[in-house]
$ cat upload04.pdb   # PDB, C-alpha atoms
ATOM      1  CA  MET A   1     -36.231 -29.333  -1.251
ATOM      2  CA  LYS A   2     -38.413 -27.036   0.858
ATOM      3  CA  ILE A   3     -36.042 -27.480   3.798
ATOM      4  CA  ILE A   4     -33.105 -26.448   1.609
ATOM      5  CA  ALA A   5     -35.078 -23.444   0.382
ATOM      6  CA  SER A   6     -35.717 -22.395   3.987
ATOM      7  CA  ILE A   7     -32.009 -22.716   4.778
ATOM      8  CA  LEU A   8     -31.212 -20.551   1.762
ATOM      9  CA  LEU A   9     -33.617 -17.889   2.975
ATOM     10  CA  VAL A  10     -32.033 -17.866   6.451
ATOM     11  CA  LEU A  11     -28.557 -17.608   4.938
ATOM     12  CA  ALA A  12     -29.651 -14.732   2.715
ATOM     13  CA  ILE A  13     -31.026 -12.794   5.697
ATOM     14  CA  ALA A  14     -27.871 -13.478   7.697
ATOM     15  CA  THR A  15     -25.682 -12.361   4.797
ATOM     16  CA  MET A  16     -27.560  -9.067   4.525
ATOM     17  CA  ALA A  17     -27.171  -8.523   8.249
ATOM     18  CA  PHE A  18     -23.436  -9.186   8.194
ATOM     19  CA  GLY A  19     -22.944  -7.227   4.991
ATOM     20  CA  GLN A  20     -24.075  -3.890   6.396
ATOM     21  CA  GLY A  21     -21.399  -1.228   6.807
ATOM     22  CA  SER A  22     -21.314  -1.360  10.554
ATOM     23  CA  PRO A  23     -18.461  -2.031  12.963
ATOM     24  CA  SER A  24     -20.077  -5.340  13.904
ATOM     25  CA  SER A  25     -19.215  -6.584  10.433
ATOM     26  CA  CYS A  26     -16.013  -4.517  10.292
ATOM     27  CA  SER A  27     -16.264  -4.469   6.499
ATOM     28  CA  HIS A  28     -16.877  -1.617   4.109
ATOM     29  CA  GLY A  29     -16.664  -1.333   0.348
ATOM     30  CA  GLY A  30     -15.808  -5.018   0.036
ATOM     31  CA  VAL A  31     -12.778  -4.667   2.343
ATOM     32  CA  ASN A  32     -12.484  -6.399   5.725
ATOM     33  CA  TYR A  33     -10.886  -4.196   8.397
ATOM     34  CA  GLY A  34     -11.379  -6.672  11.240
ATOM     35  CA  SER A  35      -7.689  -7.486  11.610
ATOM     36  CA  LEU A  36      -6.952  -3.821  12.417
ATOM     37  CA  SER A  37      -8.607  -4.308  15.794
ATOM     38  CA  ASN A  38      -5.995  -4.242  18.542
ATOM     39  CA  GLU A  39      -6.487  -6.905  21.171
ATOM     40  CA  ASN A  40      -5.407  -6.408  24.781
ATOM     41  CA  ILE A  41      -3.921  -9.865  25.162
ATOM     42  CA  ASP A  42      -2.132  -9.315  28.491
ATOM     43  CA  ASN A  43      -4.520  -6.841  30.175
ATOM     44  CA  SER A  44      -1.874  -4.107  30.193
ATOM     45  CA  ASP A  45      -2.250  -0.456  29.268
ATOM     46  CA  LYS A  46       0.386  -0.716  26.554
ATOM     47  CA  ILE A  47      -1.784  -2.343  23.918
ATOM     48  CA  GLY A  48      -5.403  -2.451  22.974
ATOM     49  CA  SER A  49      -5.769   0.982  21.372
ATOM     50  CA  TYR A  50      -4.431   3.335  18.747
ATOM     51  CA  SER A  51      -3.354   6.742  19.997
ATOM     52  CA  ALA A  52      -2.631  10.320  18.899
ATOM     53  CA  LEU A  53      -2.281  13.731  20.490
ATOM     54  CA  SER A  54      -4.666  16.603  19.852
ATOM     55  CA  ALA A  55      -3.950  19.340  17.340
ATOM     56  CA  ALA A  56      -4.009  22.997  18.381
ATOM     57  CA  SER A  57      -7.598  24.205  18.631
ATOM     58  CA  GLY A  58      -8.819  27.628  19.761
ATOM     59  CA  THR A  59      -7.279  28.290  23.165
ATOM     60  CA  ASN A  60      -6.015  24.715  23.498
ATOM     61  CA  PRO A  61      -2.355  24.158  22.594
ATOM     62  CA  GLN A  62      -1.200  21.168  20.585
ATOM     63  CA  GLY A  63      -0.853  18.047  22.689
ATOM     64  CA  LYS A  64      -3.184  19.096  25.510
ATOM     65  CA  TYR A  65      -5.204  15.940  25.037
ATOM     66  CA  ARG A  66      -4.448  12.374  24.048
ATOM     67  CA  PHE A  67      -7.035  10.325  22.193
ATOM     68  CA  TYR A  68      -7.329   6.536  22.218
ATOM     69  CA  TRP A  69      -9.444   4.452  19.864
ATOM     70  CA  ASN A  70      -9.810   0.997  18.435
ATOM     71  CA  ILE A  71     -11.121  -0.410  15.154
ATOM     72  CA  CYS A  72     -14.267  -2.488  15.673
ATOM     73  CA  GLY A  73     -13.405  -3.024  19.308
ATOM     74  CA  VAL A  74     -13.257  -1.454  22.741
ATOM     75  CA  ALA A  75     -10.292   0.856  23.413
ATOM     76  CA  THR A  76      -8.510  -0.563  26.470
ATOM     77  CA  GLN A  77      -7.139   2.748  27.746
ATOM     78  CA  CYS A  78     -10.645   4.222  27.900
ATOM     79  CA  LYS A  79     -11.290   1.899  30.853
ATOM     80  CA  SER A  80     -15.016   1.789  30.171
ATOM     81  CA  SER A  81     -17.114  -1.037  28.795
ATOM     82  CA  GLY A  82     -18.354  -0.348  25.285
ATOM     83  CA  THR A  83     -16.143   2.727  24.705
ATOM     84  CA  ALA A  84     -14.346   2.609  21.356
ATOM     85  CA  ALA A  85     -12.773   6.095  21.529
ATOM     86  CA  CYS A  86     -11.969   8.497  24.346
ATOM     87  CA  GLN A  87     -10.146  11.711  25.250
ATOM     88  CA  MET A  88      -7.762  12.242  28.178
ATOM     89  CA  THR A  89      -5.966  15.348  29.431
ATOM     90  CA  VAL A  90      -2.203  14.815  29.198
ATOM     91  CA  GLY A  91      -0.811  14.735  32.704
ATOM     92  CA  GLY A  92      -4.287  14.839  34.222
ATOM     93  CA  THR A  93      -5.889  12.412  36.636
ATOM     94  CA  ALA A  94      -9.524  12.717  35.555
ATOM     95  CA  ALA A  95     -11.275   9.708  34.051
ATOM     96  CA  PRO A  96     -11.256   9.479  30.240
ATOM     97  CA  THR A  97     -14.120  11.190  28.398
ATOM     98  CA  ALA A  98     -15.893   8.926  25.933
ATOM     99  CA  VAL A  99     -16.045  10.384  22.416
ATOM    100  CA  GLY A 100     -17.219   7.226  20.665
ATOM    101  CA  LEU A 101     -19.216   4.133  21.614
ATOM    102  CA  LEU A 102     -18.765   0.792  19.906
ATOM    103  CA  ASN A 103     -22.510   0.196  19.507
ATOM    104  CA  GLN A 104     -22.965   3.610  17.882
ATOM    105  CA  GLY A 105     -20.446   3.163  15.084
ATOM    106  CA  SER A 106     -20.918   3.266  11.325
ATOM    107  CA  TRP A 107     -18.849   3.062   8.155
ATOM    108  CA  GLN A 108     -18.807   5.883   5.619
ATOM    109  CA  THR A 109     -16.903   7.003   2.550
ATOM    110  CA  VAL A 110     -15.852  10.640   2.857
ATOM    111  CA  GLY A 111     -13.660  12.370   0.277
ATOM    112  CA  GLY A 112     -12.741   9.028  -1.242
ATOM    113  CA  LEU A 113     -11.503   7.652   2.093
ATOM    114  CA  THR A 114     -13.120   4.940   4.168
ATOM    115  CA  SER A 115     -14.073   6.366   7.556
ATOM    116  CA  LEU A 116     -15.198   4.703  10.752
ATOM    117  CA  GLN A 117     -17.399   7.033  12.784
ATOM    118  CA  TYR A 118     -18.154   6.467  16.461
ATOM    119  CA  THR A 119     -20.645   8.722  18.209
ATOM    120  CA  THR A 120     -22.078   9.019  21.728
ATOM    121  CA  SER A 121     -25.222  10.186  23.478
ATOM    122  CA  SER A 122     -23.233  12.923  25.214
ATOM    123  CA  LYS A 123     -24.141  16.352  23.867
ATOM    124  CA  CYS A 124     -21.578  19.163  24.250
ATOM    125  CA  SER A 125     -22.122  22.948  24.272
ATOM    126  CA  SER A 126     -22.117  23.106  20.453
ATOM    127  CA  GLY A 127     -25.205  20.929  20.356
ATOM    128  CA  ASN A 128     -23.347  18.087  18.646
ATOM    129  CA  MET A 129     -22.964  14.642  20.120
ATOM    130  CA  ARG A 130     -19.328  13.870  20.887
ATOM    131  CA  THR A 131     -18.099  11.943  17.848
ATOM    132  CA  MET A 132     -14.810  10.386  16.712
ATOM    133  CA  VAL A 133     -14.130  10.018  12.977
ATOM    134  CA  ILE A 134     -11.235   7.775  11.928
ATOM    135  CA  SER A 135     -10.345   7.939   8.224
ATOM    136  CA  MET A 136      -8.145   5.292   6.605
ATOM    137  CA  GLN A 137      -5.620   6.111   3.903
ATOM    138  CA  CYS A 138      -3.433   3.744   1.897
ATOM    139  CA  ASN A 139       0.312   4.471   2.054
ATOM    140  CA  GLN A 140       2.463   1.854   0.338
ATOM    141  CA  ASN A 141       5.638   3.493   1.669
ATOM    142  CA  SER A 142       4.803   3.005   5.354
ATOM    143  CA  ASN A 143       5.197  -0.416   6.975
ATOM    144  CA  THR A 144       3.622   0.813  10.207
ATOM    145  CA  ILE A 145       0.273   2.450  10.793
ATOM    146  CA  GLN A 146       0.521   6.148  11.632
ATOM    147  CA  ALA A 147      -2.154   8.554  12.831
ATOM    148  CA  THR A 148      -2.373  12.304  12.382
ATOM    149  CA  LEU A 149      -2.963  14.756  15.214
ATOM    150  CA  VAL A 150      -6.621  14.710  16.233
ATOM    151  CA  SER A 151      -8.429  17.847  15.080
ATOM    152  CA  GLU A 152     -11.592  19.108  16.762
ATOM    153  CA  ASP A 153     -14.561  20.971  15.332
ATOM    154  CA  LYS A 154     -17.481  21.505  17.711
ATOM    155  CA  CYS A 155     -16.959  18.170  19.469
ATOM    156  CA  ILE A 156     -16.337  16.259  16.233
ATOM    157  CA  TYR A 157     -12.856  14.742  16.579
ATOM    158  CA  SER A 158     -11.055  13.584  13.434
ATOM    159  CA  THR A 159      -7.855  11.717  12.652
ATOM    160  CA  THR A 160      -6.476   9.860   9.640
ATOM    161  CA  MET A 161      -4.688   6.542   9.911
ATOM    162  CA  SER A 162      -2.301   5.649   7.091
ATOM    163  CA  GLY A 163      -0.038   2.768   6.210
ATOM    164  CA  LYS A 164       0.584  -0.119   3.854
ATOM    165  CA  ASP A 165      -1.782  -2.349   5.816
ATOM    166  CA  LEU A 166      -4.666  -0.003   5.048
ATOM    167  CA  CYS A 167      -4.295  -0.466   1.302
ATOM    168  CA  GLY A 168      -6.079  -3.780   1.154
ATOM    169  CA  GLY A 169      -7.759  -3.990   4.530
ATOM    170  CA  GLY A 170      -4.775  -5.675   6.164
ATOM    171  CA  GLY A 171      -4.242  -5.430   9.877
ATOM    172  CA  GLY A 172      -2.083  -3.709  12.386
ATOM    173  CA  SER A 173      -1.514  -4.224  16.049
ATOM    174  CA  GLY A 174       0.724  -2.416  18.436
ATOM    175  CA  SER A 175       1.184  -0.109  21.358
ATOM    176  CA  GLY A 176      -1.154   2.813  21.769
ATOM    177  CA  ASP A 177       1.232   4.442  24.266
ATOM    178  CA  ASN A 178       3.220   6.745  21.993
ATOM    179  CA  SER A 179       4.842   9.947  23.182
ATOM    180  CA  GLY A 180       4.771  11.595  19.775
ATOM    181  CA  SER A 181       1.829  12.877  17.755
ATOM    182  CA  ASN A 182       1.357   9.636  15.878
ATOM    183  CA  GLY A 183       0.042   6.275  16.992
ATOM    184  CA  GLY A 184       2.226   3.362  15.888
ATOM    185  CA  ALA A 185       1.368  -0.194  14.941
ATOM    186  CA  SER A 186       3.154  -3.200  13.560
ATOM    187  CA  PRO A 187       1.479  -5.365  10.912
ATOM    188  CA  LYS A 188      -0.833  -8.192  11.873
ATOM    189  CA  LYS A 189      -2.354 -10.149   9.034
ATOM    190  CA  GLY A 190      -5.905 -11.430   9.242
ATOM    191  CA  GLY A 191      -8.254 -13.644   7.272
ATOM    192  CA  ILE A 192     -11.584 -13.048   5.655
ATOM    193  CA  GLY A 193     -14.450 -11.697   7.748
ATOM    194  CA  GLY A 194     -17.711 -13.302   8.774
ATOM    195  CA  GLY A 195     -19.661 -11.477   6.085
ATOM    196  CA  TRP A 196     -17.597 -13.005   3.277
ATOM    197  CA  ILE A 197     -17.878 -16.463   4.864
ATOM    198  CA  PHE A 198     -21.682 -16.178   4.803
ATOM    199  CA  ILE A 199     -21.619 -14.974   1.185
ATOM    200  CA  ILE A 200     -19.411 -17.924   0.146
ATOM    201  CA  ILE A 201     -21.674 -20.380   1.978
ATOM    202  CA  LEU A 202     -24.787 -18.784   0.467
ATOM    203  CA  LEU A 203     -23.431 -18.942  -3.088
ATOM    204  CA  SER A 204     -22.231 -22.534  -2.660
ATOM    205  CA  VAL A 205     -25.544 -23.759  -1.242
ATOM    206  CA  THR A 206     -27.466 -21.833  -3.923
ATOM    207  CA  VAL A 207     -25.527 -23.514  -6.728
ATOM    208  CA  VAL A 208     -26.001 -26.978  -5.192
ATOM    209  CA  TYR A 209     -29.701 -26.265  -4.606
ATOM    210  CA  ILE A 210     -30.415 -25.092  -8.164
ATOM    211  CA  VAL A 211     -28.248 -27.615 -10.046
ATOM    212  CA  GLY A 212     -29.257 -30.525  -7.819
ATOM    213  CA  GLY A 213     -32.934 -29.597  -8.022
ATOM    214  CA  ILE A 214     -32.886 -29.319 -11.808
ATOM    215  CA  ILE A 215     -31.162 -32.697 -12.175
ATOM    216  CA  PHE A 216     -33.577 -34.335  -9.717
ATOM    217  CA  ASN A 217     -36.673 -32.924 -11.422
ATOM    218  CA  ALA A 218     -35.386 -33.827 -14.885
ATOM    219  CA  LYS A 219     -34.203 -37.347 -14.131
ATOM    220  CA  VAL A 220     -36.621 -38.497 -11.438
ATOM    221  CA  LYS A 221     -39.808 -36.485 -12.103
ATOM    222  CA  HIS A 222     -39.187 -36.244 -15.872
ATOM    223  CA  GLN A 223     -40.079 -32.552 -15.924
ATOM    224  CA  HIS A 224     -39.085 -30.148 -18.693
ATOM    225  CA  GLY A 225     -38.474 -26.445 -19.273
ATOM    226  CA  SER A 226     -39.130 -24.054 -16.405
ATOM    227  CA  ASP A 227     -40.802 -26.848 -14.432
ATOM    228  CA  MET A 228     -37.351 -28.289 -13.754
ATOM    229  CA  PHE A 229     -36.471 -25.351 -11.486
ATOM    230  CA  PRO A 230     -36.726 -26.598  -7.883
ATOM    231  CA  ASN A 231     -39.775 -25.446  -5.927
ATOM    232  CA  LYS A 232     -40.932 -23.314  -8.842
ATOM    233  CA  GLU A 233     -44.352 -22.560  -7.344
ATOM    234  CA  MET A 234     -42.835 -21.435  -4.041
ATOM    235  CA  TRP A 235     -40.442 -19.005  -5.734
ATOM    236  CA  VAL A 236     -43.221 -17.662  -7.967
ATOM    237  CA  ASN A 237     -45.206 -16.857  -4.828
ATOM    238  CA  PHE A 238     -42.143 -15.712  -2.879
ATOM    239  CA  GLY A 239     -42.937 -12.011  -3.232
ATOM    240  CA  GLY A 240     -46.416 -12.550  -1.878
ATOM    241  CA  LEU A 241     -45.062 -14.550   1.070
ATOM    242  CA  ILE A 242     -42.692 -11.723   1.984
ATOM    243  CA  LYS A 243     -45.549  -9.220   1.718
ATOM    244  CA  ASP A 244     -47.736 -11.345   4.000
ATOM    245  CA  GLY A 245     -44.879 -11.656   6.478
ATOM    246  CA  VAL A 246     -44.309  -7.901   6.539
ATOM    247  CA  PHE A 247     -47.993  -7.183   7.163
ATOM    248  CA  PHE A 248     -48.142  -9.895   9.848
ATOM    249  CA  ILE A 249     -45.143  -8.429  11.727
ATOM    250  CA  LYS A 250     -46.536  -4.910  11.333
ATOM    251  CA  SER A 251     -49.874  -5.982  12.782
ATOM    252  CA  LYS A 252     -48.154  -7.565  15.790
ATOM    253  CA  VAL A 253     -45.970  -4.500  16.409
ATOM    254  CA  THR A 254     -48.746  -1.920  15.975
ATOM    255  CA  GLY A 255     -51.468  -4.069  17.544
ATOM    256  CA  THR A 256     -53.824  -3.460  14.631
ATOM    257  CA  GLY A 257     -54.546  -7.141  14.249
ATOM    258  CA  GLY A 258     -54.480  -6.965  10.458
ATOM    259  CA  GLN A 259     -56.966  -8.831   8.353
ATOM    260  CA  GLY A 260     -56.032 -12.143   9.876
ATOM    261  CA  TYR A 261     -56.180 -15.503   8.150
ATOM    262  CA  GLN A 262     -59.233 -17.048   6.582
ATOM    263  CA  GLN A 263     -60.155 -20.522   7.677
ATOM    264  CA  VAL A 264     -60.052 -23.144   5.022
TER     265      VAL A 264
END

$ encode --input "upload04.pdb" --output "C-alpha cells"
Amino acid sequence: MKIIASILLVLAIATMAFGQGSPSSCSHGGVNYGSLSNENIDNSDKIGSYSALSAASGTNPQGKYRFYWNICGVATQCKSSGTAACQMTVGGTAAPTAVGLLNQGSWQTVGGLTSLQYTTSSKCSSGNMRTMVISMQCNQNSNTIQATLVSEDKCIYSTTMSGKDLCGGGGGSGSGDNSGSNGGASPKKGGIGGGWIFIIILLSVTVVYIVGGIIFNAKVKHQHGSDMFPNKEMWVNFGGLIKDGVFFIKSKVTGTGGQGYQQV
C-alpha cells in the first residue's frame, strides 16, 4: 500500500507539471493545442511554420516584413535552434531576427482569447524584450487557419489566428510560404495531450487505490469506519511530511543546514 501511495504522489507531481499553461504542455484552459504544431516532415522551407506579413507601422509600409512562427514548436524558416517566432525583411538576405524563443513561452487569456506568448532576451530601443503574441480565435465558417497581419507596438508583435480548428483545440498543418497577408493551413486532427493522459492515469490509480484499500482493510484486517481508509496515518501526517520536505530542500539550497534530524 505504501508503494502505491508513493506512485500516486509521483503521478500527482507529474500531473501538476504537465498541467501548467506552458508551451511544453501545449494546453490551456482545458484545451489541447498540440496538434496545431506544424512539423517539418521533409526538411523543406515550405512547411514547419505559420506565416503572415507585417501591418503598416510608423515609417514602415505594409508587407515590409514577414513573420514566421509555430505553435509549441520551433519555426523551421527561422533557421535557428529553439526559435519559435522570427521576423524577416521581404526580399532581404539578412538572417531572420528572433522575436520569440520556445523555452520562453507562456499561455495567457487576453480579451477572452487564448494567447500564446513567446519572448526573447533581446532588448530593443523601446526597452521591451522582443515578443511575439499569437491569439487564437474560433471561426466555424473557416475550414483553414488564417492569420491577420502582424502589428507591432514597441517590439511587441501581435497576430490572431482564426479557423474552425481553433474552436475546440483541433489542429492545422500547412505551408507557411504564403504570398498574401494571411498564413494558411489545412486541418490536421490530433489526440489528447500528455497532461490529460497523466490526469486520467492519476484518477484511475486513485480510485483503485482507495477502493482496493478499503476492501482489503475491511475484509482482511476487519477494520471499521475511518480506519478502513488505506494508509490513514500516513495521509493524516501528509501535510507535515510536505512541510519537512520543503524545509529540507530549503536548507540544502541555502546552505543553512536547518535543524537536522534527531537521532532515535

$ residues_around --input "upload04.pdb" --residues "Val99 of chain A" --least-positions-apart "4" --cutoff "12 Å" --atoms "only C-alpha atoms" --output "PDB file with C-alpha atoms, keeping the file's coordinate frame"
ATOM      1  CA  ARG A  66      -4.448  12.374  24.048  1.00  0.00           C
ATOM      2  CA  PHE A  67      -7.035  10.325  22.193  1.00  0.00           C
ATOM      3  CA  TYR A  68      -7.329   6.536  22.218  1.00  0.00           C
ATOM      4  CA  TRP A  69      -9.444   4.452  19.864  1.00  0.00           C
ATOM      5  CA  ASN A  70      -9.810   0.997  18.435  1.00  0.00           C
ATOM      6  CA  ALA A  75     -10.292   0.856  23.413  1.00  0.00           C
ATOM      7  CA  CYS A  78     -10.645   4.222  27.900  1.00  0.00           C
ATOM      8  CA  SER A  80     -15.016   1.789  30.171  1.00  0.00           C
ATOM      9  CA  GLY A  82     -18.354  -0.348  25.285  1.00  0.00           C
ATOM     10  CA  THR A  83     -16.143   2.727  24.705  1.00  0.00           C
ATOM     11  CA  ALA A  84     -14.346   2.609  21.356  1.00  0.00           C
ATOM     12  CA  ALA A  85     -12.773   6.095  21.529  1.00  0.00           C
ATOM     13  CA  CYS A  86     -11.969   8.497  24.346  1.00  0.00           C
ATOM     14  CA  GLN A  87     -10.146  11.711  25.250  1.00  0.00           C
ATOM     15  CA  MET A  88      -7.762  12.242  28.178  1.00  0.00           C
ATOM     16  CA  GLN A 104     -22.965   3.610  17.882  1.00  0.00           C
ATOM     17  CA  GLY A 105     -20.446   3.163  15.084  1.00  0.00           C
ATOM     18  CA  GLN A 117     -17.399   7.033  12.784  1.00  0.00           C
ATOM     19  CA  TYR A 118     -18.154   6.467  16.461  1.00  0.00           C
ATOM     20  CA  THR A 119     -20.645   8.722  18.209  1.00  0.00           C
ATOM     21  CA  THR A 120     -22.078   9.019  21.728  1.00  0.00           C
ATOM     22  CA  SER A 121     -25.222  10.186  23.478  1.00  0.00           C
ATOM     23  CA  SER A 122     -23.233  12.923  25.214  1.00  0.00           C
ATOM     24  CA  LYS A 123     -24.141  16.352  23.867  1.00  0.00           C
ATOM     25  CA  CYS A 124     -21.578  19.163  24.250  1.00  0.00           C
ATOM     26  CA  ASN A 128     -23.347  18.087  18.646  1.00  0.00           C
ATOM     27  CA  MET A 129     -22.964  14.642  20.120  1.00  0.00           C
ATOM     28  CA  ARG A 130     -19.328  13.870  20.887  1.00  0.00           C
ATOM     29  CA  THR A 131     -18.099  11.943  17.848  1.00  0.00           C
ATOM     30  CA  MET A 132     -14.810  10.386  16.712  1.00  0.00           C
ATOM     31  CA  VAL A 133     -14.130  10.018  12.977  1.00  0.00           C
ATOM     32  CA  ILE A 134     -11.235   7.775  11.928  1.00  0.00           C
ATOM     33  CA  GLU A 152     -11.592  19.108  16.762  1.00  0.00           C
ATOM     34  CA  CYS A 155     -16.959  18.170  19.469  1.00  0.00           C
ATOM     35  CA  ILE A 156     -16.337  16.259  16.233  1.00  0.00           C
ATOM     36  CA  TYR A 157     -12.856  14.742  16.579  1.00  0.00           C
ATOM     37  CA  SER A 158     -11.055  13.584  13.434  1.00  0.00           C
TER      38      SER A 158
END

$ closest_residue --input "upload04.pdb" --among "A:Ser135, A:Ser49, A:Asn237, A:Asn141" --to "Gly112 of chain A" --atoms "all atoms listed in the file"
A:Ser135

$ atom_distance --input "upload04.pdb" --atom1 "atom CA of Ser51 of chain A" --atom2 "atom CA of Gly30 of chain A"
26.3 Å

$ atom_distance --input "upload04.pdb" --atom1 "atom CA of Cys138 of chain A" --atom2 "atom CA of Val150 of chain A"
18.3 Å

$ atom_distance --input "upload04.pdb" --atom1 "atom CA of Gly225 of chain A" --atom2 "atom CA of Ile201 of chain A"
27.8 Å

$ closest_residue --input "upload04.pdb" --among "A:Leu53, A:Val236, A:Ile199, A:Met136" --to "Val110 of chain A" --atoms "all atoms listed in the file"
A:Met136

$ closest_residue --input "upload04.pdb" --among "A:Met228, A:Ile242, A:Leu116, A:Leu101" --to "Phe216 of chain A" --atoms "all atoms listed in the file"
A:Met228

$ resolve_selection --input "upload04.pdb" --expression "the PyMOL selection byres ((chain A and resi 147) around 7)" --output "PyMOL selection string"
chain A and resi 52+145-146+148-149+159-162+182-183

$ write_last_selection --input "upload04.pdb" --atoms "C-alpha atoms" --output "short mmCIF file (atom, residue, chain, number, x, y, z; two decimals), keeping the file's coordinate frame"
data_model
loop_
_atom_site.label_atom_id
_atom_site.label_comp_id
_atom_site.auth_asym_id
_atom_site.auth_seq_id
_atom_site.Cartn_x
_atom_site.Cartn_y
_atom_site.Cartn_z
CA ALA A 52 -2.63 10.32 18.90
CA ILE A 145 0.27 2.45 10.79
CA GLN A 146 0.52 6.15 11.63
CA THR A 148 -2.37 12.30 12.38
CA LEU A 149 -2.96 14.76 15.21
CA THR A 159 -7.86 11.72 12.65
CA THR A 160 -6.48 9.86 9.64
CA MET A 161 -4.69 6.54 9.91
CA SER A 162 -2.30 5.65 7.09
CA ASN A 182 1.36 9.64 15.88
CA GLY A 183 0.04 6.28 16.99
#

$ closest_residue --input "upload04.pdb" --among "A:Gln62, A:Thr97, A:Thr144, A:Gln108" --to "Leu36 of chain A" --atoms "all atoms listed in the file"
A:Thr144

$ closest_residue --input "upload04.pdb" --among "A:Ile249, A:Lys232, A:Ser54, A:Gly29" --to "Gly213 of chain A" --atoms "only C-alpha atoms"
A:Lys232

$ closest_residue --input "upload04.pdb" --among "A:Asn38, A:Asn217, A:Ser25, A:Ser204" --to "Ser106 of chain A" --atoms "only C-alpha atoms"
A:Ser25

$ decode --input "upload04.pdb" --residues "segment 111-117 of chain A" --atoms "all heavy atoms" --output "PDB file, in the first residue's frame"
ATOM      1  N   GLY A 111      -8.477  39.331 -23.323  1.00  0.00           N
ATOM      2  CA  GLY A 111      -9.682  39.748 -24.027  1.00  0.00           C
ATOM      3  C   GLY A 111     -10.572  38.585 -24.405  1.00  0.00           C
ATOM      4  O   GLY A 111     -11.257  38.631 -25.439  1.00  0.00           O
ATOM      5  N   GLY A 112     -10.556  37.539 -23.611  1.00  0.00           N
ATOM      6  CA  GLY A 112     -11.388  36.373 -23.888  1.00  0.00           C
ATOM      7  C   GLY A 112     -10.784  35.395 -24.872  1.00  0.00           C
ATOM      8  O   GLY A 112     -11.367  34.347 -25.147  1.00  0.00           O
ATOM      9  N   LEU A 113      -9.609  35.711 -25.427  1.00  0.00           N
ATOM     10  CA  LEU A 113      -8.953  34.840 -26.392  1.00  0.00           C
ATOM     11  C   LEU A 113      -7.732  34.170 -25.755  1.00  0.00           C
ATOM     12  O   LEU A 113      -6.990  34.794 -24.992  1.00  0.00           O
ATOM     13  CB  LEU A 113      -8.502  35.629 -27.623  1.00  0.00           C
ATOM     14  CG  LEU A 113      -9.578  36.249 -28.506  1.00  0.00           C
ATOM     15  CD1 LEU A 113      -8.934  36.992 -29.679  1.00  0.00           C
ATOM     16  CD2 LEU A 113     -10.542  35.196 -29.024  1.00  0.00           C
ATOM     17  N   THR A 114      -7.534  32.916 -26.097  1.00  0.00           N
ATOM     18  CA  THR A 114      -6.319  32.226 -25.684  1.00  0.00           C
ATOM     19  C   THR A 114      -5.156  32.770 -26.492  1.00  0.00           C
ATOM     20  O   THR A 114      -5.235  32.900 -27.712  1.00  0.00           O
ATOM     21  CB  THR A 114      -6.452  30.711 -25.922  1.00  0.00           C
ATOM     22  OG1 THR A 114      -7.455  30.192 -25.046  1.00  0.00           O
ATOM     23  CG2 THR A 114      -5.141  29.995 -25.643  1.00  0.00           C
ATOM     24  N   SER A 115      -4.066  33.098 -25.813  1.00  0.00           N
ATOM     25  CA  SER A 115      -2.896  33.658 -26.489  1.00  0.00           C
ATOM     26  C   SER A 115      -1.640  32.904 -26.069  1.00  0.00           C
ATOM     27  O   SER A 115      -1.455  32.588 -24.898  1.00  0.00           O
ATOM     28  CB  SER A 115      -2.723  35.140 -26.157  1.00  0.00           C
ATOM     29  OG  SER A 115      -3.819  35.898 -26.641  1.00  0.00           O
ATOM     30  N   LEU A 116      -0.797  32.628 -27.058  1.00  0.00           N
ATOM     31  CA  LEU A 116       0.494  32.030 -26.809  1.00  0.00           C
ATOM     32  C   LEU A 116       1.544  33.124 -26.984  1.00  0.00           C
ATOM     33  O   LEU A 116       1.658  33.717 -28.056  1.00  0.00           O
ATOM     34  CB  LEU A 116       0.754  30.890 -27.790  1.00  0.00           C
ATOM     35  CG  LEU A 116       2.122  30.203 -27.727  1.00  0.00           C
ATOM     36  CD1 LEU A 116       2.417  29.686 -26.333  1.00  0.00           C
ATOM     37  CD2 LEU A 116       2.194  29.069 -28.741  1.00  0.00           C
ATOM     38  N   GLN A 117       2.287  33.400 -25.933  1.00  0.00           N
ATOM     39  CA  GLN A 117       3.259  34.488 -25.963  1.00  0.00           C
ATOM     40  C   GLN A 117       4.674  33.943 -25.884  1.00  0.00           C
ATOM     41  O   GLN A 117       5.033  33.238 -24.963  1.00  0.00           O
ATOM     42  CB  GLN A 117       3.018  35.453 -24.808  1.00  0.00           C
ATOM     43  CG  GLN A 117       4.053  36.571 -24.700  1.00  0.00           C
ATOM     44  CD  GLN A 117       3.732  37.570 -23.603  1.00  0.00           C
ATOM     45  OE1 GLN A 117       2.697  38.220 -23.623  1.00  0.00           O
ATOM     46  NE2 GLN A 117       4.625  37.679 -22.629  1.00  0.00           N
TER      47      GLN A 117
END
